[in-house]
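Colleague: What follows is coords-v5.cif, mmCIF, C-alpha atoms and all ligand atoms.
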```
data_upload
#
loop_
_atom_site.label_atom_id
_atom_site.label_comp_id
_atom_site.auth_asym_id
_atom_site.auth_seq_id
_atom_site.Cartn_x
_atom_site.Cartn_y
_atom_site.Cartn_z
CA MET A 8 126.56 23.69 125.39
CA THR A 9 125.01 26.82 124.03
CA LEU A 10 121.59 25.67 125.23
CA LEU A 11 122.73 26.20 128.80
CA SER A 12 122.70 29.94 128.86
CA VAL A 13 124.27 31.39 131.97
CA PRO A 14 121.12 32.01 134.14
CA VAL A 15 119.70 28.57 133.34
CA LYS A 16 122.97 26.93 134.21
CA LYS A 17 123.19 28.81 137.50
CA ASP A 18 119.65 27.79 138.55
CA LEU A 19 120.27 24.23 137.61
CA LEU A 20 123.51 24.04 139.50
CA THR A 21 121.95 25.48 142.67
CA LYS A 22 119.12 22.97 142.45
CA LEU A 23 121.52 20.13 141.89
CA LEU A 24 123.73 21.06 144.80
CA ARG A 25 120.74 21.44 147.12
CA ASN A 26 119.48 18.02 146.15
CA VAL A 27 122.84 16.43 146.62
CA MET A 28 123.10 17.93 150.08
CA LEU A 29 119.56 17.00 151.10
CA ASN A 30 119.63 13.42 150.03
CA TYR A 31 123.10 12.41 149.05
CA SER A 32 122.42 8.72 148.91
CA SER A 33 119.18 8.63 146.95
CA PRO A 34 119.41 7.23 143.39
CA LYS A 35 117.72 10.43 142.20
CA SER A 36 120.47 12.61 143.65
CA LEU A 37 123.15 10.39 142.22
CA LEU A 38 121.55 10.89 138.86
CA TYR A 39 121.57 14.66 139.45
CA PHE A 40 125.19 14.44 140.51
CA ALA A 41 126.13 12.58 137.36
CA PHE A 42 124.32 15.23 135.38
CA PHE A 43 126.24 17.90 137.31
CA LEU A 44 129.54 16.32 136.41
CA LEU A 45 128.46 16.19 132.80
CA ILE A 46 127.68 19.91 132.83
CA VAL A 47 130.98 20.74 134.50
CA SER A 48 132.91 18.75 131.93
CA CYS A 49 130.90 20.33 129.12
CA SER A 50 131.56 23.85 130.38
CA LYS A 51 135.23 23.03 130.60
CA SER A 52 135.32 21.85 127.02
CA GLU A 53 133.64 25.12 126.08
CA GLY A 54 136.92 26.82 126.91
CA GLY A 55 137.62 27.81 123.24
CA ASP A 56 139.80 26.80 120.30
CA PRO A 57 143.27 25.40 120.84
CA GLU A 58 146.03 28.06 120.79
CA PRO A 59 147.80 28.33 117.35
CA ALA A 60 151.29 26.88 117.48
CA ALA A 61 153.76 29.70 118.19
CA ALA A 62 155.93 30.76 115.19
CA THR A 63 159.54 29.60 115.44
CA LEU A 64 162.55 31.54 114.23
CA ALA A 65 164.44 30.41 111.13
CA SER A 66 167.31 28.06 111.92
CA ASN A 67 169.73 25.59 110.29
CA LEU A 68 170.11 27.55 107.06
CA LEU A 69 172.35 25.35 104.93
CA TYR A 70 173.85 25.75 101.47
CA ASN A 71 175.51 22.66 100.07
CA PRO A 72 177.97 23.54 98.64
CA ALA A 73 178.35 26.76 100.63
CA SER A 74 180.61 28.54 98.15
CA LEU A 75 180.79 29.61 94.54
CA GLN A 76 183.83 30.24 92.30
CA LEU A 77 183.38 32.40 89.23
CA GLN A 78 185.35 34.21 86.59
CA ALA A 79 184.72 37.95 86.46
CA GLY A 80 182.03 38.80 83.94
CA THR A 81 180.07 35.59 84.47
CA PRO A 82 176.84 35.55 86.48
CA GLY A 83 176.24 32.75 89.01
CA THR A 84 173.59 31.22 91.26
CA SER A 85 173.88 29.20 94.47
CA VAL A 86 171.98 26.00 95.17
CA LYS A 87 168.64 26.34 96.95
CA PRO A 88 169.34 26.16 100.70
CA SER A 89 167.53 24.07 103.30
CA ILE A 90 166.12 25.85 106.35
CA SER A 91 164.05 25.10 109.46
CA GLY A 92 161.48 27.25 111.25
CA SER A 93 158.09 28.72 110.40
CA THR A 94 157.21 29.53 106.81
CA PRO A 95 156.88 31.73 104.83
CA VAL A 96 160.39 33.11 105.03
CA THR A 97 161.71 36.20 103.25
CA PHE A 98 165.42 36.50 102.57
CA SER A 99 167.80 39.40 102.27
CA VAL A 100 171.53 39.42 101.84
CA THR A 101 174.58 41.46 102.75
CA THR A 102 178.16 40.91 101.66
CA SER A 103 181.56 41.82 102.97
CA PRO A 104 183.02 43.63 101.10
CA ALA A 105 179.90 45.32 99.65
CA SER A 106 178.86 44.09 96.22
CA ASN A 107 177.12 47.29 95.00
CA GLY A 108 173.96 45.37 94.22
CA ALA A 109 175.74 42.61 92.28
CA VAL A 110 174.82 39.97 94.89
CA THR A 111 171.10 39.38 95.46
CA ILE A 112 168.92 36.62 96.90
CA ASP A 113 165.67 35.26 95.52
CA SER A 114 162.47 34.20 97.29
CA GLU A 115 163.79 30.63 97.66
CA GLY A 116 167.02 31.78 99.28
CA LYS A 117 169.16 31.23 96.16
CA ILE A 118 172.06 33.69 96.13
CA LYS A 119 172.65 35.29 92.72
CA THR A 120 175.63 37.19 91.38
CA SER A 121 175.47 39.41 88.33
CA ALA A 122 178.18 39.69 85.71
CA SER A 123 179.20 43.06 87.17
CA LEU A 124 180.53 41.56 90.42
CA ALA A 125 184.16 42.68 90.68
CA ALA A 126 186.97 40.18 91.27
CA GLY A 127 187.49 39.40 94.97
CA THR A 128 186.28 37.18 97.80
CA TYR A 129 182.90 37.98 99.29
CA ASN A 130 181.53 36.66 102.58
CA VAL A 131 177.77 36.51 102.33
CA SER A 132 175.40 36.84 105.29
CA VAL A 133 171.75 35.95 104.88
CA ILE A 134 168.90 37.40 106.93
CA ALA A 135 165.91 35.08 107.10
CA THR A 136 162.70 36.67 108.38
CA ASN A 137 159.45 34.92 109.30
CA ALA A 138 156.51 35.55 111.65
CA ALA A 139 158.77 34.95 114.67
CA GLY A 140 161.35 37.54 113.64
CA ALA A 141 164.63 37.91 111.73
CA VAL A 142 167.73 35.75 112.10
CA THR A 143 171.09 36.67 110.56
CA PHE A 144 173.25 33.78 109.38
CA THR A 145 176.62 35.46 109.31
CA ASN A 146 179.13 34.39 106.62
CA ILE A 147 176.94 31.45 105.64
CA TYR A 148 178.18 31.55 102.04
CA ALA A 149 181.34 32.58 100.19
CA ILE A 150 181.80 33.82 96.63
CA THR A 151 185.20 33.97 94.97
CA VAL A 152 185.46 35.91 91.72
CA THR A 153 188.73 35.49 89.88
CA ALA A 154 189.83 38.16 87.44
CA ALA A 155 189.18 37.13 83.86
CA THR A 156 192.29 36.44 81.84
CA PRO A 157 192.62 38.81 78.91
CA SER A 158 191.79 37.13 75.63
CA ALA A 159 190.52 37.86 72.17
CA PRO A 160 186.75 38.60 72.12
CA GLN A 161 184.48 35.69 72.97
CA ASN A 162 180.77 34.84 73.04
CA LEU A 163 179.43 37.22 70.40
CA LEU A 164 175.65 36.86 70.50
CA TYR A 165 172.83 38.56 68.63
CA SER A 166 169.36 38.03 70.02
CA PRO A 167 167.53 37.50 67.72
CA ASN A 168 170.29 36.43 65.31
CA SER A 169 168.32 36.88 62.10
CA LYS A 170 165.99 39.31 60.41
CA THR A 171 163.63 39.07 57.46
CA VAL A 172 162.51 42.12 55.52
CA THR A 173 160.87 42.91 52.22
CA GLN A 174 163.09 44.38 49.57
CA GLY A 175 163.26 48.16 49.82
CA THR A 176 163.13 48.19 53.62
CA ALA A 177 166.22 48.98 55.67
CA LEU A 178 167.01 46.83 58.69
CA VAL A 179 169.03 47.11 61.88
CA SER A 180 170.08 44.23 64.15
CA ALA A 181 169.92 44.19 67.90
CA THR A 182 173.06 45.27 69.78
CA PRO A 183 175.06 42.08 70.42
CA THR A 184 176.61 40.95 73.68
CA ILE A 185 180.29 40.01 73.68
CA THR A 186 182.94 39.10 76.24
CA SER A 187 186.05 41.26 76.02
CA LEU A 188 188.20 43.06 78.56
CA SER A 189 189.08 45.84 76.14
CA THR A 190 187.35 47.82 73.40
CA VAL A 191 186.19 45.75 70.46
CA ASN A 192 186.47 46.68 66.79
CA TYR A 193 184.07 44.98 64.40
CA SER A 194 184.16 44.11 60.74
CA ILE A 195 181.92 41.89 58.64
CA THR A 196 181.83 39.73 55.60
CA SER A 197 178.69 38.28 54.13
CA VAL A 198 177.81 35.49 51.75
CA PRO A 199 176.81 36.64 49.19
CA SER A 200 178.80 39.78 49.78
CA SER A 201 177.07 43.16 49.68
CA SER A 202 178.29 46.67 50.39
CA ALA A 203 174.74 47.40 51.62
CA ILE A 204 175.49 45.45 54.81
CA THR A 205 177.56 47.33 57.38
CA ILE A 206 178.46 47.08 61.07
CA ASN A 207 179.04 49.89 63.56
CA ASN A 208 181.43 50.07 66.53
CA GLN A 209 178.77 48.61 68.84
CA GLY A 210 178.50 45.54 66.62
CA VAL A 211 175.08 46.59 65.29
CA ILE A 212 174.56 45.26 61.76
CA SER A 213 172.61 47.37 59.26
CA GLY A 214 171.18 46.45 55.89
CA ALA A 215 170.41 49.39 53.62
CA ASN A 216 167.12 49.55 51.73
CA THR A 217 169.10 48.97 48.54
CA LEU A 218 169.96 45.40 49.63
CA ALA A 219 168.98 43.00 46.86
CA ALA A 220 166.60 40.11 47.52
CA GLY A 221 168.30 37.01 48.89
CA THR A 222 169.60 35.42 52.07
CA TYR A 223 172.85 36.76 53.48
CA MET A 224 174.93 34.88 56.06
CA VAL A 225 176.89 37.50 57.95
CA SER A 226 180.18 36.61 59.67
CA VAL A 227 181.60 39.06 62.17
CA THR A 228 185.26 39.55 63.07
CA ALA A 229 185.69 41.07 66.53
CA SER A 230 189.14 42.33 67.52
CA ASN A 231 190.63 43.69 70.72
CA THR A 232 194.16 44.23 72.03
CA GLN A 233 194.57 40.46 72.56
CA GLY A 234 193.59 39.37 69.08
CA SER A 235 190.74 38.70 66.68
CA THR A 236 187.95 36.16 66.67
CA LEU A 237 185.87 35.25 63.63
CA PHE A 238 182.25 34.45 64.45
CA THR A 239 181.12 32.60 61.37
CA ASN A 240 177.48 33.11 60.38
CA ALA A 241 176.74 35.11 63.52
CA TYR A 242 173.76 36.77 61.83
CA SER A 243 171.54 36.14 58.86
CA ILE A 244 169.45 38.50 56.77
CA THR A 245 166.66 37.45 54.46
CA VAL A 246 165.38 40.00 51.97
CA ASN A 247 162.18 38.87 50.30
CA SER A 248 161.67 40.16 46.81
CA ALA A 249 158.87 42.67 46.66
CA GLY A 250 158.02 41.06 43.32
CA THR A 251 156.91 37.71 44.66
CA ASN A 252 155.09 38.42 47.90
CA ALA A 253 151.95 40.51 47.98
CA VAL A 254 152.80 43.87 49.50
CA THR A 255 150.81 44.77 52.61
CA TYR A 256 150.55 47.92 54.65
CA THR A 257 151.55 46.21 57.89
CA ASN A 258 154.54 44.25 56.54
CA ASP A 259 155.97 46.71 54.06
CA ILE A 260 154.39 50.12 53.67
CA GLN A 261 154.02 51.26 57.26
CA ALA A 262 157.80 51.14 57.90
CA ILE A 263 158.62 52.89 54.61
CA ILE A 264 156.23 55.75 55.40
CA GLN A 265 157.38 55.94 58.99
CA ASN A 266 161.08 56.09 58.08
CA ASN A 267 160.85 58.43 55.09
CA CYS A 268 157.76 60.58 55.62
CA GLY A 269 156.97 60.24 59.33
CA SER A 270 158.75 63.35 60.54
CA CYS A 271 156.24 65.52 58.62
CA HIS A 272 153.28 63.24 57.86
CA ILE A 273 152.97 61.31 61.16
CA SER A 274 154.40 63.55 63.86
CA GLY A 275 154.45 66.76 61.82
CA SER A 276 151.61 69.01 60.74
CA GLU A 277 151.30 67.83 57.09
CA VAL A 278 148.51 65.64 55.71
CA LYS A 279 148.49 62.55 57.95
CA PHE A 280 149.73 59.16 56.70
CA ASN A 281 149.55 57.69 60.19
CA SER A 282 147.24 54.72 59.58
CA TYR A 283 146.34 52.14 56.98
CA THR A 284 143.26 54.13 55.94
CA SER A 285 144.90 57.54 55.70
CA THR A 286 147.82 56.11 53.71
CA LYS A 287 145.50 54.16 51.38
CA ASN A 288 143.32 57.23 50.77
CA ASN A 289 146.37 59.26 49.69
CA ILE A 290 148.06 56.57 47.57
CA ASP A 291 147.72 58.39 44.23
CA GLY A 292 149.21 61.61 45.59
CA ILE A 293 151.96 59.62 47.32
CA LEU A 294 152.92 57.77 44.11
CA THR A 295 152.86 60.97 42.04
CA ARG A 296 155.08 62.82 44.51
CA ILE A 297 157.67 60.07 45.06
CA LYS A 298 158.04 59.48 41.31
CA LEU A 299 158.97 63.11 40.61
CA ALA A 300 162.62 63.69 39.68
CA GLN A 301 165.12 64.60 42.36
CA GLY A 302 164.91 68.35 42.90
CA ALA A 303 161.57 68.75 41.07
CA SER A 304 159.06 70.99 42.83
CA GLY A 305 156.73 68.90 45.04
CA MET A 306 159.05 65.86 45.07
CA MET A 307 158.70 63.86 48.31
CA PRO A 308 160.28 63.42 50.75
CA ASN A 309 160.19 67.21 50.76
CA GLY A 310 163.71 68.64 50.51
CA GLY A 311 165.18 65.16 50.84
CA THR A 312 166.61 62.45 48.63
CA LYS A 313 164.39 60.64 46.16
CA LEU A 314 163.49 57.17 47.44
CA PRO A 315 165.39 54.20 45.93
CA GLN A 316 163.63 52.78 42.89
CA SER A 317 163.07 49.46 44.76
CA THR A 318 161.10 51.33 47.46
CA ILE A 319 159.05 53.20 44.86
CA ASN A 320 158.38 49.83 43.20
CA THR A 321 157.19 48.39 46.52
CA ILE A 322 154.70 51.22 47.02
CA GLN A 323 153.51 50.92 43.40
CA LYS A 324 153.11 47.18 43.90
CA TRP A 325 151.07 47.80 47.07
CA LYS A 326 148.56 49.66 44.89
CA ASP A 327 148.74 47.04 42.14
CA ASP A 328 148.17 44.23 44.69
CA GLY A 329 145.00 45.94 45.90
CA LEU A 330 146.19 48.09 48.83
CA LEU A 331 146.23 45.13 51.23
CA GLN A 332 146.23 45.84 54.91
C1 LIG B 1 160.38 67.35 55.70
C2 LIG B 1 158.96 67.26 55.67
C3 LIG B 1 158.33 66.27 54.73
C4 LIG B 1 158.66 64.98 54.48
C5 LIG B 1 159.80 64.16 55.10
C6 LIG B 1 157.70 64.50 53.54
N1 LIG B 1 156.81 65.46 53.22
FE1 LIG B 1 155.20 65.27 52.03
N2 LIG B 1 154.72 67.20 52.32
C7 LIG B 1 155.46 68.08 53.06
C8 LIG B 1 154.91 69.41 52.91
C9 LIG B 1 155.46 70.67 53.57
C10 LIG B 1 153.79 69.28 52.08
C11 LIG B 1 152.86 70.39 51.61
C12 LIG B 1 153.48 71.11 50.44
C13 LIG B 1 153.28 70.35 49.13
O1 LIG B 1 152.17 69.90 48.88
O2 LIG B 1 154.29 70.18 48.44
C14 LIG B 1 153.70 67.88 51.73
C15 LIG B 1 152.73 67.36 50.91
C16 LIG B 1 152.67 66.03 50.54
C17 LIG B 1 151.64 65.47 49.72
C18 LIG B 1 150.44 66.22 49.21
C19 LIG B 1 149.38 66.11 50.28
C20 LIG B 1 148.06 66.79 49.89
O3 LIG B 1 147.14 66.07 49.59
O4 LIG B 1 148.07 68.02 49.96
C21 LIG B 1 151.91 64.15 49.55
C22 LIG B 1 151.10 63.16 48.78
C23 LIG B 1 153.15 63.91 50.24
N3 LIG B 1 153.58 65.07 50.85
C24 LIG B 1 153.77 62.69 50.30
C25 LIG B 1 154.91 62.45 51.02
C26 LIG B 1 155.55 61.18 51.07
C27 LIG B 1 155.03 59.90 50.39
C28 LIG B 1 156.65 61.32 51.83
C29 LIG B 1 157.67 60.27 52.15
C30 LIG B 1 158.21 59.54 51.06
C31 LIG B 1 156.71 62.69 52.25
N4 LIG B 1 155.64 63.35 51.75
C32 LIG B 1 157.70 63.22 53.05
C33 LIG B 1 156.56 67.80 53.84
C34 LIG B 1 157.17 66.57 53.92
#
```
Take the structure in this file and express it as structure tokens.
Modeller:
Amino acid sequence: MTLLSVPVKKDLLTKLLRNVMLNYSSPKSLLYFAFFLLIVSCSKSEGGDPEPAAATLASNLLYNPASLQLQAGTPGTSVKPSISGSTPVTFSVTTSPASNGAVTIDSEGKIKTSASLAAGTYNVSVIATNAAGAVTFTNIYAITVTAATPSAPQNLLYSPNSKTVTQGTALVSATPTITSLSTVNYSITSVPSSSAITINNQGVISGANTLAAGTYMVSVTASNTQGSTLFTNAYSITVNSAGTNAVTYTNDIQAIIQNNCGSCHISGSEVKFNSYTSTKNNIDGILTRIKLAQGASGMMPNGGTKLPQSTINTIQKWKDDGLLQ
């Protein structure tokens, strides 16, 4: 009824009422009266939009099952709970005793425990907050963590569990994860066997740049105070012969330069070999210097050990193959 601006409406109403009073029974006044009623009902309906439904507090939070049993060292997750009340809801969690951050809750209300949660029984309270406010569901969930039984090492895992390099390039594996309650000692065997493959006391496997071309299946023996476990073929190494694949800067040369020359020629103040172009432009000088005898004046790496012949061959082959990027 925006057409009936306030002054117009007022005039009209006065006129109507006067007419009704003057001649209540005439058909004309009845018509006016009907019109009057129409206006009144229209003005009423002008009263505005319906009120938004009021937000309601979270209620009926339910986990089914409402408890979790774990062995120490193993992470866990609850089911997704059901809940009533207005959405969206944000969740937070407290535990008794405190979990030192090892118990968390996600945006769906799933309760998560990390592997660091110490053995014990934890009562979990969840706070659900929405537009209406926060509600605490006290001791709505229980987590029982039983102490792990001591055993020989378990679950050795390298991620990734293989590596491929070109001959002449050293390699290092990722640090593995392993389950053990006490310190682990590592040893390896490989097929075919090679003294160029070693393992450190973190379980990190290294292949020296002298490793011959081939594929090596590496088995790891992990020992602790409870015993030893053999993880057969836990890691594999593939060394591609520099002789068969075309040598490229990105796949082969960059790492060699970085590892052997980088301290002076990438980060240091010497002539830069820090890109494909700068390395390519210096290839003749590089080959001359690395082929000099150990101890000869100008031999590179400067003051260091002459590169293995296989690495020198790779760099020579890079030139022979056309200095591919
Ligand atoms: C510890 C530092 C150091 C390392 C490592 C090193 N260099 Fe050098 N390099 C120098 C110094 C210092 C010079 C300048 C003196 C000279 O020419 O002998 C130089 C000069 C050179 C030159 C001559 C550059 C020019 O045009 O003047 C080449 C080529 C070279 N290095 C190649 C290499 C290569 C290839 C490696 C790795 C295999 C390497 N260097 C590792 C210190 C280093």
Colleague: With ligand LIG 1 (chain B) as the partner and 12 Å as the cut-off, tabulate the residues of chain A that qualify, each row holding the nearest pair of atoms and their distance in Å to one decimal, using all atoms listed in the file, sorted by chain and rising number, as a tab-separated table.
Modeller:
```
residue	atom	partner	partner_atom	distance
A:Ile260	CA	B:LIG1	C27	10.3
A:Gln261	CA	B:LIG1	C29	11.0
A:Ala262	CA	B:LIG1	C29	10.8
A:Ile263	CA	B:LIG1	C30	7.5
A:Ile264	CA	B:LIG1	C29	5.8
A:Gln265	CA	B:LIG1	C29	8.1
A:Asn266	CA	B:LIG1	C29	8.0
A:Asn267	CA	B:LIG1	C29	4.7
A:Cys268	CA	B:LIG1	C29	3.5
A:Gly269	CA	B:LIG1	C5	6.4
A:Ser270	CA	B:LIG1	C5	5.6
A:Cys271	CA	B:LIG1	C2	4.4
A:His272	CA	B:LIG1	N1	6.2
A:Ile273	CA	B:LIG1	C4	9.5
A:Ser274	CA	B:LIG1	C2	10.1
A:Gly275	CA	B:LIG1	C2	7.6
A:Ser276	CA	B:LIG1	C9	8.3
A:Glu277	CA	B:LIG1	C8	5.7
A:Val278	CA	B:LIG1	C19	5.5
A:Lys279	CA	B:LIG1	C19	8.5
A:Phe280	CA	B:LIG1	C27	8.3
A:Asn281	CA	B:LIG1	C27	11.4
A:Ser285	CA	B:LIG1	O3	10.7
A:Thr286	CA	B:LIG1	C27	8.8
A:Lys287	CA	B:LIG1	C22	10.9
A:Asn288	CA	B:LIG1	O3	9.7
A:Asn289	CA	B:LIG1	C22	6.2
A:Ile290	CA	B:LIG1	C22	7.4
A:Asp291	CA	B:LIG1	C22	7.4
A:Gly292	CA	B:LIG1	C22	4.0
A:Ile293	CA	B:LIG1	C22	3.9
A:Leu294	CA	B:LIG1	C27	7.0
A:Thr295	CA	B:LIG1	C22	7.3
A:Arg296	CA	B:LIG1	C22	5.8
A:Ile297	CA	B:LIG1	C27	6.0
A:Lys298	CA	B:LIG1	C27	9.6
A:Leu299	CA	B:LIG1	C24	11.0
A:Ala303	CA	B:LIG1	O2	10.5
A:Ser304	CA	B:LIG1	O2	7.4
A:Gly305	CA	B:LIG1	O2	4.4
A:Met306	CA	B:LIG1	O2	7.3
A:Met307	CA	B:LIG1	C31	4.6
A:Pro308	CA	B:LIG1	C32	3.5
A:Asn309	CA	B:LIG1	C34	4.4
A:Gly310	CA	B:LIG1	C1	6.3
A:Gly311	CA	B:LIG1	C5	6.9
A:Thr312	CA	B:LIG1	C30	9.2
A:Lys313	CA	B:LIG1	C30	8.0
A:Leu314	CA	B:LIG1	C30	6.8
A:Pro315	CA	B:LIG1	C30	10.3
A:Gln316	CA	B:LIG1	C30	11.9
A:Thr318	CA	B:LIG1	C30	9.4
A:Ile319	CA	B:LIG1	C30	8.9
A:Ile322	CA	B:LIG1	C27	9.3
A:Gln323	CA	B:LIG1	C27	11.5
```
Colleague: Of the residues A:Gly175, A:Pro167, A:Gly80, A:Pro157, which is the one nearest to Ala219 (chain A), using all atoms listed in the file?
Modeller: A:Gly175
Colleague: Find the residues near region 202-209 of chain A: any atom within 7 Å, counting all atoms listed in the file, skip ones fewer than 5 places away on the same chain, and give them as number ranges by chain.
Modeller: A: 182, 192-195, 214-215, 217-218
Colleague: In terms of the shortest atom-to-atom distance over all atoms listed in the file, which of A:Gln161, A:Thr321, A:Ser189, A:Thr120 is closest to Val227 (chain A)?
Modeller: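 For Val227 (chain A), the nearest of the given residues is A:Gln161.
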Colleague: Just to confirm, what's the straight-line distance from CA of Ser187 (chain A) to CA of Lys170 (chain A) in Å (one decimal)?
Modeller: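 Pair CA of Ser187 (chain A) / CA of Lys170 (chain A) returns 25.5 Å.
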Colleague: May I ask which of the residues A:Thr228, A:Thr284, A:Thr128, A:Thr245 is the closest one to Leu77 (chain A), counting only C-alpha atoms?
Modeller: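 Closest to Leu77 (chain A) of all the choices is A:Thr128.
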Colleague: With a distance cut-off of 10 Å and all atoms listed in the file, select the neighbouring residues of Gly92 (chain A), excluding the residue or stretch itself and same-chain residues fewer than 5 positions from it, and output the selection as a PyMOL selection string.
Modeller: chain A and resi 62-68+135-139
Colleague: Grab the CA of Pro199 (chain A) to CA of Ser180 (chain A) distance for me, in Å with one decimal place.
Modeller: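 Going from CA of Pro199 (chain A) over to CA of Ser180 (chain A) covers 18.1 Å.
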Colleague: If we count only C-alpha atoms and set the cut-off at 7 Å, which residues sit around region 325-332 of chain A, ignoring sequence neighbours fewer than 4 positions away in its own chain? Please answer as an MDAnalysis selection string.
Modeller: chainID A and resid 253:257 283 287 321
Colleague: Please determine, counting only C-alpha atoms, which residue among A:Asn240, A:Ser248, A:Thr94, A:Ser103 has the shortest atom-to-atom distance to Val225 (chain A).
Modeller: A:Asn240
Colleague: In file coordinates, which residues lie within 12 Å of (171.8, 28.3, 109.3) using only C-alpha atoms, given as a PyMOL selection string?
Modeller: chain A and resi 64-71+73+88-92+116+132-135+142-148
Colleague: What's the separation between CA of Ser158 (chain A) and CA of Leu124 (chain A), in Å to one decimal place?
Modeller: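 Straight-line distance from CA of Ser158 (chain A) to CA of Leu124 (chain A) works out to 19.1 Å.
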Colleague: List the spatial neighbours of Pro160 (chain A) as a PyMOL selection string - criterion: any atom at most 8 Å away, all atoms listed in the file, same-chain residues fewer than 3 positions off excluded.
Modeller: chain A and resi 163+185-188+191+229-231+234-236
Colleague: Pick the closest to Ser85 (chain A) from A:Ser99, A:Ala122, A:Ala149, A:Ala61: which is it, counting only C-alpha atoms?
Modeller: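 Selected residue with least distance to Ser85 (chain A): A:Ala149.
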Colleague: Could you tell me which of A:Gln78, A:Ser201, A:Thr111, A:Thr101 comes closest to Ala154 (chain A) if we count only C-alpha atoms?
Modeller: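 Distance minimum relative to Ala154 (chain A) lands on A:Gln78.
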Colleague: Which residues are close to Val179 (chain A), i.e. within 8 Å by all atoms listed in the file, leaving aside same-chain residues fewer than 5 positions away? Reply as a PyMOL selection string.
Modeller: chain A and resi 211-214
